[in-house]
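A.B. asks: Input file: my_file.csv. Contents: CSV, C-alpha atoms and all ligand atoms.
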```
chain,number,residue,atom,x,y,z
Q,1,MET,CA,-74.7,-109.3,69.9
Q,2,THR,CA,-70.9,-108.8,69.6
Q,3,LYS,CA,-69.3,-107.5,66.3
Q,4,ARG,CA,-67.2,-110.1,64.6
Q,5,VAL,CA,-63.4,-109.9,64.9
Q,6,ARG,CA,-62.1,-109.7,61.3
Q,7,LYS,CA,-58.8,-107.9,61.5
Q,8,ALA,CA,-55.5,-108.6,63.3
Q,9,VAL,CA,-52.7,-106.3,64.1
Q,10,LEU,CA,-49.2,-107.9,64.0
Q,11,PRO,CA,-46.5,-105.7,65.5
Q,12,VAL,CA,-43.3,-106.9,63.9
Q,13,ALA,CA,-41.0,-103.9,64.0
Q,14,GLY,CA,-38.9,-105.0,67.0
Q,15,LEU,CA,-35.1,-105.3,66.5
Q,16,GLY,CA,-34.9,-108.9,67.8
Q,17,THR,CA,-32.1,-108.0,70.1
Q,18,ARG,CA,-32.3,-111.4,71.9
Q,19,VAL,CA,-31.9,-113.3,68.6
Q,20,LEU,CA,-29.0,-111.4,67.1
Q,21,PRO,CA,-26.9,-111.8,65.0
Q,22,GLY,CA,-29.4,-113.9,63.1
Q,23,ALA,CA,-32.0,-111.1,63.2
Q,24,LYS,CA,-29.5,-108.5,61.8
Q,25,THR,CA,-30.6,-108.8,58.2
Q,26,THR,CA,-33.6,-111.1,58.5
Q,27,PRO,CA,-36.6,-109.6,60.4
Q,28,LYS,CA,-36.8,-111.7,63.6
Q,29,ASN,CA,-40.3,-112.9,62.8
Q,30,MET,CA,-39.0,-114.2,59.4
Q,31,LEU,CA,-36.6,-116.6,61.1
Q,32,ASN,CA,-37.5,-120.2,60.2
Q,33,ILE,CA,-39.3,-122.7,62.3
Q,34,PHE,CA,-38.5,-125.9,60.4
Q,35,ASP,CA,-39.3,-124.9,56.9
Q,36,ARG,CA,-41.4,-121.7,57.1
Q,37,PRO,CA,-40.9,-118.3,58.8
Q,38,ILE,CA,-42.6,-117.7,62.2
Q,39,LEU,CA,-45.1,-115.3,60.5
Q,40,SER,CA,-46.4,-118.1,58.3
Q,41,TYR,CA,-47.6,-120.0,61.5
Q,42,ILE,CA,-49.0,-116.8,63.0
Q,43,VAL,CA,-51.1,-116.1,59.8
Q,44,ASP,CA,-52.4,-119.7,59.9
Q,45,GLU,CA,-53.4,-119.3,63.5
Q,46,ALA,CA,-55.2,-116.0,62.7
Q,47,ARG,CA,-57.0,-117.6,59.7
Q,48,ALA,CA,-58.2,-120.5,62.0
Q,49,ALA,CA,-59.8,-117.8,64.2
Q,50,GLY,CA,-61.6,-116.2,61.2
Q,51,ILE,CA,-59.3,-113.3,60.6
Q,52,GLU,CA,-59.7,-111.8,57.1
Q,53,HIS,CA,-57.3,-108.9,57.2
Q,54,PHE,CA,-53.7,-108.7,58.5
Q,55,VAL,CA,-52.2,-105.4,59.5
Q,56,PHE,CA,-48.4,-105.6,59.9
Q,57,ILE,CA,-46.7,-102.8,61.8
Q,58,VAL,CA,-43.2,-102.9,60.3
Q,59,GLY,CA,-39.9,-101.1,60.7
Q,60,ARG,CA,-37.2,-100.1,58.3
Q,61,GLY,CA,-35.3,-102.9,56.6
Q,62,GLN,CA,-38.2,-105.4,56.9
Q,63,GLY,CA,-39.2,-105.5,53.3
Q,64,ALA,CA,-38.6,-109.3,53.4
Q,65,ILE,CA,-42.0,-109.6,55.1
Q,66,GLU,CA,-43.9,-108.0,52.2
Q,67,ASP,CA,-41.9,-109.9,49.7
Q,68,TYR,CA,-42.7,-113.2,51.4
Q,69,PHE,CA,-46.4,-112.6,51.1
Q,70,ASP,CA,-46.1,-111.5,47.5
Q,71,ALA,CA,-45.9,-113.4,44.3
Q,72,ASN,CA,-42.4,-114.3,43.0
Q,73,PRO,CA,-43.0,-114.9,39.2
Q,74,GLU,CA,-39.3,-115.9,38.6
Q,75,LEU,CA,-39.3,-118.5,41.3
Q,76,GLU,CA,-42.8,-119.8,40.4
Q,77,THR,CA,-41.9,-120.1,36.7
Q,78,THR,CA,-38.6,-121.9,37.4
Q,79,LEU,CA,-40.4,-124.4,39.7
Q,80,GLN,CA,-43.1,-124.9,37.0
Q,81,THR,CA,-40.5,-125.4,34.2
Q,82,LYS,CA,-38.6,-127.9,36.3
Q,83,GLY,CA,-41.8,-129.8,37.1
Q,84,LYS,CA,-41.4,-129.3,40.8
Q,85,THR,CA,-45.1,-128.8,41.2
Q,86,ASP,CA,-45.4,-130.0,44.8
Q,87,ILE,CA,-42.9,-127.4,46.0
Q,88,LEU,CA,-44.6,-124.8,43.8
Q,89,ALA,CA,-47.9,-125.7,45.5
Q,90,GLU,CA,-46.3,-125.1,49.0
Q,91,VAL,CA,-45.0,-121.7,47.9
Q,92,LEU,CA,-48.3,-120.6,46.4
Q,93,ALA,CA,-50.2,-121.7,49.5
Q,94,GLU,CA,-48.5,-119.0,51.5
Q,95,LEU,CA,-49.9,-116.2,49.3
Q,96,PRO,CA,-52.8,-114.1,50.7
Q,97,LYS,CA,-55.8,-113.1,48.6
Q,98,PRO,CA,-55.4,-109.7,47.0
Q,99,GLY,CA,-56.0,-106.9,49.5
Q,100,GLU,CA,-55.9,-109.1,52.6
Q,101,MET,CA,-52.7,-107.5,54.0
Q,102,SER,CA,-51.7,-104.0,55.0
Q,103,PHE,CA,-48.3,-102.8,55.9
Q,104,ILE,CA,-47.7,-99.8,58.1
Q,105,ARG,CA,-44.4,-98.3,58.9
Q,106,GLN,CA,-43.8,-97.5,62.6
Q,107,MET,CA,-41.2,-94.8,62.1
Q,108,ALA,CA,-39.7,-95.0,65.6
Q,109,PRO,CA,-39.6,-97.9,68.1
Q,110,LEU,CA,-41.7,-96.1,70.7
Q,111,GLY,CA,-43.3,-99.2,72.2
Q,112,LEU,CA,-46.1,-101.8,71.7
Q,113,GLY,CA,-48.9,-99.3,72.4
Q,114,HIS,CA,-47.5,-97.0,69.8
Q,115,ALA,CA,-47.3,-99.8,67.3
Q,116,VAL,CA,-50.9,-100.8,67.8
Q,117,TRP,CA,-52.0,-97.1,67.6
Q,118,CYS,CA,-50.4,-96.9,64.2
Q,119,ALA,CA,-53.1,-99.3,63.0
Q,120,ARG,CA,-56.0,-97.1,64.0
Q,121,ASP,CA,-57.1,-95.9,60.6
Q,122,VAL,CA,-56.9,-99.3,59.0
Q,123,ILE,CA,-58.9,-100.9,61.9
Q,124,GLY,CA,-61.6,-98.3,62.1
Q,125,ASP,CA,-64.6,-98.8,64.4
Q,126,GLU,CA,-64.6,-102.5,65.0
Q,127,PRO,CA,-63.1,-105.0,67.5
Q,128,PHE,CA,-59.8,-106.4,66.4
Q,129,ALA,CA,-57.1,-108.9,67.5
Q,130,VAL,CA,-53.5,-108.1,68.4
Q,131,MET,CA,-51.0,-111.0,68.0
Q,132,LEU,CA,-47.4,-110.7,69.2
Q,133,PRO,CA,-45.6,-112.9,66.6
Q,134,ASP,CA,-42.6,-113.7,68.9
Q,135,MET,CA,-45.0,-115.9,70.8
Q,136,LEU,CA,-45.7,-119.0,68.8
Q,137,MET,CA,-48.5,-121.0,70.3
Q,138,ALA,CA,-49.1,-124.7,69.6
Q,139,ALA,CA,-52.6,-125.6,70.5
Q,140,PRO,CA,-55.2,-128.2,69.4
Q,141,ARG,CA,-57.6,-125.3,68.8
Q,142,ALA,CA,-55.7,-122.2,67.6
Q,143,ALA,CA,-54.9,-119.9,70.5
Q,144,LEU,CA,-56.5,-116.9,68.8
Q,145,ALA,CA,-59.6,-119.0,68.0
Q,146,GLN,CA,-59.9,-119.8,71.8
Q,147,ALA,CA,-59.7,-116.0,72.5
Q,148,VAL,CA,-62.5,-115.4,69.9
Q,149,ASP,CA,-64.6,-118.1,71.5
Q,150,ALA,CA,-64.2,-116.3,74.8
Q,151,TYR,CA,-65.1,-113.0,73.2
Q,152,ASP,CA,-68.2,-114.5,71.7
Q,153,LYS,CA,-69.2,-115.6,75.2
Q,154,VAL,CA,-68.5,-112.5,77.3
Q,155,GLY,CA,-67.8,-109.6,74.8
Q,156,GLY,CA,-65.7,-106.6,75.8
Q,157,ASN,CA,-61.9,-107.2,75.7
Q,158,ILE,CA,-60.0,-110.4,76.1
Q,159,VAL,CA,-56.4,-110.9,77.1
Q,160,VAL,CA,-54.7,-114.3,76.7
Q,161,VAL,CA,-52.6,-115.1,79.7
Q,162,GLU,CA,-50.6,-118.0,81.2
Q,163,PRO,CA,-48.6,-118.7,84.3
Q,164,ALA,CA,-45.2,-117.1,84.2
Q,165,PRO,CA,-42.1,-119.3,84.9
Q,166,GLU,CA,-41.0,-119.0,88.5
Q,167,GLY,CA,-39.2,-115.6,89.2
Q,168,GLU,CA,-39.9,-114.2,85.7
Q,169,ALA,CA,-43.2,-112.4,86.1
Q,170,HIS,CA,-41.5,-109.0,86.3
Q,171,LYS,CA,-40.5,-109.3,82.7
Q,172,TYR,CA,-44.1,-109.2,81.4
Q,173,GLY,CA,-47.5,-107.6,81.6
Q,174,ILE,CA,-49.2,-109.2,84.6
Q,175,VAL,CA,-53.0,-109.3,85.3
Q,176,ALA,CA,-55.0,-109.1,88.5
Q,177,LEU,CA,-58.2,-111.2,88.6
Q,178,ASP,CA,-61.5,-110.9,90.4
Q,179,GLY,CA,-61.3,-114.5,91.7
Q,180,ARG,CA,-60.0,-117.5,89.7
Q,181,GLU,CA,-62.4,-120.1,88.6
Q,182,GLY,CA,-61.9,-122.0,85.3
Q,183,ARG,CA,-59.9,-120.5,82.5
Q,184,LEU,CA,-61.9,-117.3,81.8
Q,185,ASN,CA,-61.9,-114.7,84.6
Q,186,ARG,CA,-62.9,-111.1,84.9
Q,187,MET,CA,-59.9,-108.8,85.4
Q,188,THR,CA,-59.5,-106.1,88.0
Q,189,GLY,CA,-56.2,-104.7,86.9
Q,190,MET,CA,-53.0,-105.1,85.0
Q,191,VAL,CA,-49.5,-103.8,85.2
Q,192,GLU,CA,-46.5,-103.8,82.8
Q,193,LYS,CA,-43.3,-105.2,84.2
Q,194,PRO,CA,-44.0,-104.9,87.9
Q,195,PRO,CA,-41.0,-104.7,90.2
Q,196,PRO,CA,-40.2,-108.3,91.5
Q,197,GLY,CA,-42.3,-109.1,94.5
Q,198,THR,CA,-45.2,-106.7,93.6
Q,199,GLU,CA,-46.9,-108.9,90.9
Q,200,PRO,CA,-50.7,-109.0,91.5
Q,201,SER,CA,-50.7,-112.7,90.2
Q,202,ASN,CA,-48.5,-115.1,88.4
Q,203,LEU,CA,-50.4,-114.8,85.1
Q,204,PHE,CA,-48.6,-112.9,82.4
Q,205,ILE,CA,-50.0,-111.4,79.2
Q,206,SER,CA,-48.8,-113.9,76.6
Q,207,GLY,CA,-49.4,-112.2,73.3
Q,208,ARG,CA,-53.0,-112.5,72.0
Q,209,TYR,CA,-55.6,-109.9,72.6
Q,210,ILE,CA,-59.1,-109.0,71.4
Q,211,LEU,CA,-59.7,-105.3,71.9
Q,212,GLN,CA,-62.4,-102.8,71.3
Q,213,PRO,CA,-61.5,-99.8,69.0
Q,214,ASP,CA,-61.9,-97.5,72.0
Q,215,ILE,CA,-58.3,-98.5,72.9
Q,216,PHE,CA,-57.1,-96.0,70.3
Q,217,ASP,CA,-58.5,-93.0,72.3
Q,218,ARG,CA,-56.6,-94.3,75.3
Q,219,LEU,CA,-53.4,-94.7,73.2
Q,220,GLU,CA,-53.8,-91.2,71.8
Q,221,ARG,CA,-52.2,-89.6,74.8
Q,222,GLN,CA,-48.9,-91.3,74.1
Q,223,GLU,CA,-48.0,-91.5,77.7
Q,224,ARG,CA,-44.7,-93.3,78.5
Q,225,GLY,CA,-44.7,-96.2,80.9
Q,226,ALA,CA,-42.3,-99.0,81.8
Q,227,GLY,CA,-38.9,-98.7,80.0
Q,228,GLY,CA,-39.9,-95.2,78.7
Q,229,GLU,CA,-42.2,-96.9,76.1
Q,230,ILE,CA,-45.8,-96.3,75.2
Q,231,GLN,CA,-47.3,-99.4,76.7
Q,232,LEU,CA,-50.4,-101.2,75.4
Q,233,THR,CA,-50.9,-102.5,79.0
Q,234,ASP,CA,-51.2,-99.0,80.4
Q,235,ALA,CA,-53.8,-98.1,77.7
Q,236,MET,CA,-55.8,-101.3,78.5
Q,237,ALA,CA,-55.7,-100.5,82.2
Q,238,ARG,CA,-57.2,-97.1,81.4
Q,239,LEU,CA,-59.9,-98.6,79.1
Q,240,MET,CA,-60.8,-101.1,81.9
Q,241,ALA,CA,-62.3,-98.1,83.8
Q,242,ASP,CA,-65.1,-98.1,81.2
Q,243,GLN,CA,-65.2,-101.6,79.7
Q,244,PRO,CA,-64.9,-105.2,80.9
Q,245,PHE,CA,-61.7,-107.2,80.4
Q,246,HIS,CA,-61.4,-110.9,80.8
Q,247,ALA,CA,-58.2,-112.9,81.0
Q,248,LEU,CA,-58.2,-116.3,79.2
Q,249,GLU,CA,-55.8,-119.0,80.2
Q,250,TYR,CA,-55.6,-120.7,76.9
Q,251,GLU,CA,-55.0,-124.4,76.3
Q,252,GLY,CA,-51.7,-125.0,74.6
Q,253,VAL,CA,-48.0,-124.4,74.7
Q,254,THR,CA,-46.2,-121.1,74.1
Q,255,TYR,CA,-42.7,-120.8,72.5
Q,256,ASP,CA,-41.0,-117.4,72.9
Q,257,CYS,CA,-39.2,-117.2,69.5
Q,258,GLY,CA,-37.7,-113.8,70.5
Q,259,ASP,CA,-35.3,-115.9,72.6
Q,260,LYS,CA,-32.6,-118.3,71.3
Q,261,ILE,CA,-33.6,-121.3,73.3
Q,262,GLY,CA,-37.3,-120.6,72.7
Q,263,LEU,CA,-36.6,-120.5,69.0
Q,264,LEU,CA,-34.8,-123.8,69.2
Q,265,ARG,CA,-37.6,-125.5,71.2
Q,266,ALA,CA,-40.1,-124.2,68.7
Q,267,ASN,CA,-38.1,-125.6,65.8
Q,268,VAL,CA,-37.9,-129.1,67.5
Q,269,ALA,CA,-41.6,-129.1,68.6
Q,270,PHE,CA,-43.0,-128.0,65.2
Q,271,ALA,CA,-40.8,-130.3,63.3
Q,272,LEU,CA,-41.9,-133.3,65.5
Q,273,ALA,CA,-45.5,-132.3,65.1
Q,274,ARG,CA,-45.4,-132.3,61.2
Q,275,PRO,CA,-47.6,-135.2,59.9
Q,276,ASP,CA,-45.4,-135.5,56.8
Q,277,MET,CA,-41.9,-135.2,58.3
Q,278,GLY,CA,-42.3,-135.7,62.1
Q,279,GLU,CA,-40.9,-139.2,62.0
Q,280,ALA,CA,-37.8,-138.2,60.0
Q,281,ALA,CA,-37.3,-135.2,62.3
Q,282,ARG,CA,-37.5,-137.5,65.4
Q,283,ALA,CA,-35.0,-139.9,64.0
Q,284,ALA,CA,-32.6,-137.0,63.1
Q,285,ILE,CA,-32.9,-135.4,66.6
Q,286,LEU,CA,-32.4,-138.7,68.4
Q,287,ALA,CA,-29.3,-139.5,66.4
Q,288,LEU,CA,-27.7,-136.4,67.8
Q,289,LEU,CA,-28.3,-137.3,71.5
J,301,LIG,C1,-44.9,-107.2,75.6
J,301,LIG,C2,-46.1,-106.7,76.4
J,301,LIG,C3,-46.2,-107.5,77.7
J,301,LIG,C4,-46.3,-109.0,77.4
J,301,LIG,C5,-45.1,-109.5,76.5
J,301,LIG,C6,-45.3,-110.9,76.0
J,301,LIG,O1,-43.7,-107.0,76.3
J,301,LIG,O2,-45.9,-105.4,76.7
J,301,LIG,O3,-47.3,-107.1,78.4
J,301,LIG,O4,-46.4,-109.8,78.6
J,301,LIG,O5,-45.0,-108.6,75.3
J,301,LIG,O6,-44.1,-111.3,75.3
J,301,LIG,P1,-42.2,-107.0,75.6
J,301,LIG,O7,-41.9,-108.5,75.4
J,301,LIG,O8,-42.4,-106.3,74.3
J,301,LIG,O9,-41.3,-106.3,76.6
```
Could you rewrite the structure in this file as structure tokens?

C.D. replies:
Amino acid sequence: MTKRVRKAVLPVAGLGTRVLPGAKTTPKNMLNIFDRPILSYIVDEARAAGIEHFVFIVGRGQGAIEDYFDANPELETTLQTKGKTDILAEVLAELPKPGEMSFIRQMAPLGLGHAVWCARDVIGDEPFAVMLPDMLMAAPRAALAQAVDAYDKVGGNIVVVEPAPEGEAHKYGIVALDGREGRLNRMTGMVEKPPPGTEPSNLFISGRYILQPDIFDRLERQERGAGGEIQLTDAMARLMADQPFHALEYEGVTYDCGDKIGLLRANVAFALARPDMGEAARAAILALL
């Protein structure tokens, strides 16, 4: 019997170098996709997977994230007074229940592994999800929910993967599999940013994980890996000596919102998919072509 996955860690402290200058004063995961920040979609995806507590790992100057998920009495009163109750309802729908969110400062950008390690006390001794919010995933069943389904089936640790675009595998964490049959396969290894030509497969780690709390011991050593950073991939590779890891090729489409064109594609795709405004979005986009 596996323990339920109730908490998710969202490392958001990155500088957003690839989406500057827009991300200079707006945290990159607060950039809009159509009418809401990226993080709003990530929280929805997490909720669809049964997540009840959100642990944001933030950096300096990212107060906008906490403010977004907090009440804004002045705005709410103004909307109420003006009778804009439908807009007010949309604003209020974004608010978490009291106590559902924690915010931890990562005091230095030492890498993804370090960011996840910062959550150790809030996670405690239970399995948890990690979601990289740059990667926005459109899927009929939420990507993280697919990972939780896989976890309920095989337990251990789950890493969501997908085929890397031709020639780009060296930019990511890449997994090695013990045979490839169907979408869920046992892993035999993983490597962060392998030199071109040495990749053990074309499947890259695309940003959703279910991990056992034992990962924190493996991160404790603070060893530096690719790019001089404390890498989550290296700690997972160490944990794999003691616990099973499965790679899940999820069903859906990933948009890398840490990239200008990825952000644009996500904007278009999510606008088109909106039941209420998709038609208007389509007409507006076609008129530009
Ligand atoms: C991180 C992870 C990498 C993963 C990637 C997905 O790398 O370390 O394993 O494939 O996210 O975006 P980063 O993009 O922070 O270099």

A.B. asks: So what do you get for CA of Pro194 (chain Q) versus CA of Ala226 (chain Q), distance-wise?

C.D. replies: 8.7 Å

A.B. asks: Pick out the residues no farther than 6 Å from ligand LIG 301 (chain J), counting all atoms listed in the file, and list them as a PyMOL selection string.

C.D. replies: chain Q and resi 172-173+192+204-207+233

A.B. asks: Go through Q:Ile261, Q:Val253, Q:Leu88, Q:Ala48 and flag the residue nearest Glu162 (chain Q), using only C-alpha atoms for the distances.

C.D. replies: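 For Glu162 (chain Q), the nearest of the candidates is Q:Val253.
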
A.B. asks: Please determine, counting only C-alpha atoms, which residue among Q:Val9, Q:Val175, Q:Met135, Q:Ala164 has the shortest atom-to-atom distance to Ala119 (chain Q).

C.D. replies: Q:Val9

A.B. asks: Report, in Å to a single decimal, how far apart CA of Gln212 (chain Q) and CA of Gly124 (chain Q) are.

C.D. replies: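 Calculated distance between CA of Gly124 (chain Q) and CA of Gln212 (chain Q) is 10.3 Å.
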
A.B. asks: Rank Q:Lys24, Q:Pro133, Q:Leu264, Q:Arg36 by their smallest atom-to-atom distance to Glu90 (chain Q), using only C-alpha atoms, and report the top residue only.

C.D. replies: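 Among the listed residues, the smallest separation from Glu90 (chain Q) belongs to Q:Arg36.
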
A.B. asks: Give me region 48-78 of chain Q with N, CA and C atoms filled in, as a PDB file, in the coordinates of the input.

C.D. replies:
```pdb
ATOM      1  N   ALA Q  48     -57.361-119.472  61.278  1.00  0.00           N
ATOM      2  CA  ALA Q  48     -58.200-120.500  62.000  1.00  0.00           C
ATOM      3  C   ALA Q  48     -59.149-119.786  62.956  1.00  0.00           C
ATOM      4  N   ALA Q  49     -58.883-118.508  63.267  1.00  0.00           N
ATOM      5  CA  ALA Q  49     -59.800-117.800  64.200  1.00  0.00           C
ATOM      6  C   ALA Q  49     -60.715-116.856  63.374  1.00  0.00           C
ATOM      7  N   GLY Q  50     -60.705-116.974  62.059  1.00  0.00           N
ATOM      8  CA  GLY Q  50     -61.600-116.200  61.200  1.00  0.00           C
ATOM      9  C   GLY Q  50     -61.120-114.851  60.785  1.00  0.00           C
ATOM     10  N   ILE Q  51     -59.820-114.580  60.985  1.00  0.00           N
ATOM     11  CA  ILE Q  51     -59.300-113.300  60.600  1.00  0.00           C
ATOM     12  C   ILE Q  51     -59.192-113.185  59.062  1.00  0.00           C
ATOM     13  N   GLU Q  52     -59.619-112.035  58.548  1.00  0.00           N
ATOM     14  CA  GLU Q  52     -59.700-111.800  57.100  1.00  0.00           C
ATOM     15  C   GLU Q  52     -58.702-110.742  56.622  1.00  0.00           C
ATOM     16  N   HIS Q  53     -58.208-109.948  57.577  1.00  0.00           N
ATOM     17  CA  HIS Q  53     -57.300-108.900  57.200  1.00  0.00           C
ATOM     18  C   HIS Q  53     -56.154-108.765  58.183  1.00  0.00           C
ATOM     19  N   PHE Q  54     -54.947-108.670  57.663  1.00  0.00           N
ATOM     20  CA  PHE Q  54     -53.700-108.700  58.500  1.00  0.00           C
ATOM     21  C   PHE Q  54     -53.060-107.323  58.372  1.00  0.00           C
ATOM     22  N   VAL Q  55     -52.847-106.669  59.511  1.00  0.00           N
ATOM     23  CA  VAL Q  55     -52.200-105.400  59.500  1.00  0.00           C
ATOM     24  C   VAL Q  55     -50.840-105.502  60.163  1.00  0.00           C
ATOM     25  N   PHE Q  56     -49.792-105.489  59.348  1.00  0.00           N
ATOM     26  CA  PHE Q  56     -48.400-105.600  59.900  1.00  0.00           C
ATOM     27  C   PHE Q  56     -47.888-104.251  60.200  1.00  0.00           C
ATOM     28  N   ILE Q  57     -47.343-104.097  61.390  1.00  0.00           N
ATOM     29  CA  ILE Q  57     -46.700-102.800  61.800  1.00  0.00           C
ATOM     30  C   ILE Q  57     -45.176-103.128  61.643  1.00  0.00           C
ATOM     31  N   VAL Q  58     -44.581-102.598  60.591  1.00  0.00           N
ATOM     32  CA  VAL Q  58     -43.200-102.900  60.300  1.00  0.00           C
ATOM     33  C   VAL Q  58     -42.245-101.772  60.530  1.00  0.00           C
ATOM     34  N   GLY Q  59     -40.961-102.085  60.563  1.00  0.00           N
ATOM     35  CA  GLY Q  59     -39.900-101.100  60.700  1.00  0.00           C
ATOM     36  C   GLY Q  59     -39.062-101.025  59.451  1.00  0.00           C
ATOM     37  N   ARG Q  60     -38.083-100.155  59.456  1.00  0.00           N
ATOM     38  CA  ARG Q  60     -37.200-100.100  58.300  1.00  0.00           C
ATOM     39  C   ARG Q  60     -36.410-101.399  58.134  1.00  0.00           C
ATOM     40  N   GLY Q  61     -36.132-101.741  56.887  1.00  0.00           N
ATOM     41  CA  GLY Q  61     -35.300-102.900  56.600  1.00  0.00           C
ATOM     42  C   GLY Q  61     -36.111-104.233  56.741  1.00  0.00           C
ATOM     43  N   GLN Q  62     -37.445-104.145  56.766  1.00  0.00           N
ATOM     44  CA  GLN Q  62     -38.200-105.400  56.900  1.00  0.00           C
ATOM     45  C   GLN Q  62     -39.026-105.718  55.667  1.00  0.00           C
ATOM     46  N   GLY Q  63     -38.477-105.290  54.521  1.00  0.00           N
ATOM     47  CA  GLY Q  63     -39.200-105.500  53.300  1.00  0.00           C
ATOM     48  C   GLY Q  63     -39.348-107.028  52.959  1.00  0.00           C
ATOM     49  N   ALA Q  64     -38.513-107.877  53.605  1.00  0.00           N
ATOM     50  CA  ALA Q  64     -38.600-109.300  53.400  1.00  0.00           C
ATOM     51  C   ALA Q  64     -40.017-109.838  53.735  1.00  0.00           C
ATOM     52  N   ILE Q  65     -40.685-109.159  54.667  1.00  0.00           N
ATOM     53  CA  ILE Q  65     -42.000-109.600  55.100  1.00  0.00           C
ATOM     54  C   ILE Q  65     -43.014-109.445  53.941  1.00  0.00           C
ATOM     55  N   GLU Q  66     -43.019-108.247  53.367  1.00  0.00           N
ATOM     56  CA  GLU Q  66     -43.900-108.000  52.200  1.00  0.00           C
ATOM     57  C   GLU Q  66     -43.583-108.911  51.055  1.00  0.00           C
ATOM     58  N   ASP Q  67     -42.280-109.107  50.817  1.00  0.00           N
ATOM     59  CA  ASP Q  67     -41.900-109.900  49.700  1.00  0.00           C
ATOM     60  C   ASP Q  67     -42.330-111.396  49.887  1.00  0.00           C
ATOM     61  N   TYR Q  68     -42.291-111.854  51.131  1.00  0.00           N
ATOM     62  CA  TYR Q  68     -42.700-113.200  51.400  1.00  0.00           C
ATOM     63  C   TYR Q  68     -44.163-113.459  51.050  1.00  0.00           C
ATOM     64  N   PHE Q  69     -44.976-112.460  51.350  1.00  0.00           N
ATOM     65  CA  PHE Q  69     -46.400-112.600  51.100  1.00  0.00           C
ATOM     66  C   PHE Q  69     -46.825-112.044  49.739  1.00  0.00           C
ATOM     67  N   ASP Q  70     -45.866-111.927  48.842  1.00  0.00           N
ATOM     68  CA  ASP Q  70     -46.100-111.500  47.500  1.00  0.00           C
ATOM     69  C   ASP Q  70     -45.768-112.579  46.508  1.00  0.00           C
ATOM     70  N   ALA Q  71     -46.297-112.493  45.312  1.00  0.00           N
ATOM     71  CA  ALA Q  71     -45.900-113.400  44.300  1.00  0.00           C
ATOM     72  C   ALA Q  71     -44.436-113.267  43.932  1.00  0.00           C
ATOM     73  N   ASN Q  72     -43.798-114.338  43.443  1.00  0.00           N
ATOM     74  CA  ASN Q  72     -42.400-114.300  43.000  1.00  0.00           C
ATOM     75  C   ASN Q  72     -42.393-114.977  41.608  1.00  0.00           C
ATOM     76  N   PRO Q  73     -42.776-114.250  40.550  1.00  0.00           N
ATOM     77  CA  PRO Q  73     -43.000-114.900  39.200  1.00  0.00           C
ATOM     78  C   PRO Q  73     -41.750-115.671  38.762  1.00  0.00           C
ATOM     79  N   GLU Q  74     -40.543-115.168  39.045  1.00  0.00           N
ATOM     80  CA  GLU Q  74     -39.300-115.900  38.600  1.00  0.00           C
ATOM     81  C   GLU Q  74     -39.218-117.236  39.231  1.00  0.00           C
ATOM     82  N   LEU Q  75     -39.369-117.249  40.533  1.00  0.00           N
ATOM     83  CA  LEU Q  75     -39.300-118.500  41.300  1.00  0.00           C
ATOM     84  C   LEU Q  75     -40.414-119.471  40.835  1.00  0.00           C
ATOM     85  N   GLU Q  76     -41.610-118.927  40.710  1.00  0.00           N
ATOM     86  CA  GLU Q  76     -42.800-119.800  40.400  1.00  0.00           C
ATOM     87  C   GLU Q  76     -42.576-120.388  38.957  1.00  0.00           C
ATOM     88  N   THR Q  77     -42.119-119.578  38.017  1.00  0.00           N
ATOM     89  CA  THR Q  77     -41.900-120.100  36.700  1.00  0.00           C
ATOM     90  C   THR Q  77     -40.819-121.154  36.636  1.00  0.00           C
ATOM     91  N   THR Q  78     -39.741-120.913  37.395  1.00  0.00           N
ATOM     92  CA  THR Q  78     -38.600-121.900  37.400  1.00  0.00           C
ATOM     93  C   THR Q  78     -39.137-123.220  38.000  1.00  0.00           C
TER      94      THR Q  78
END
```
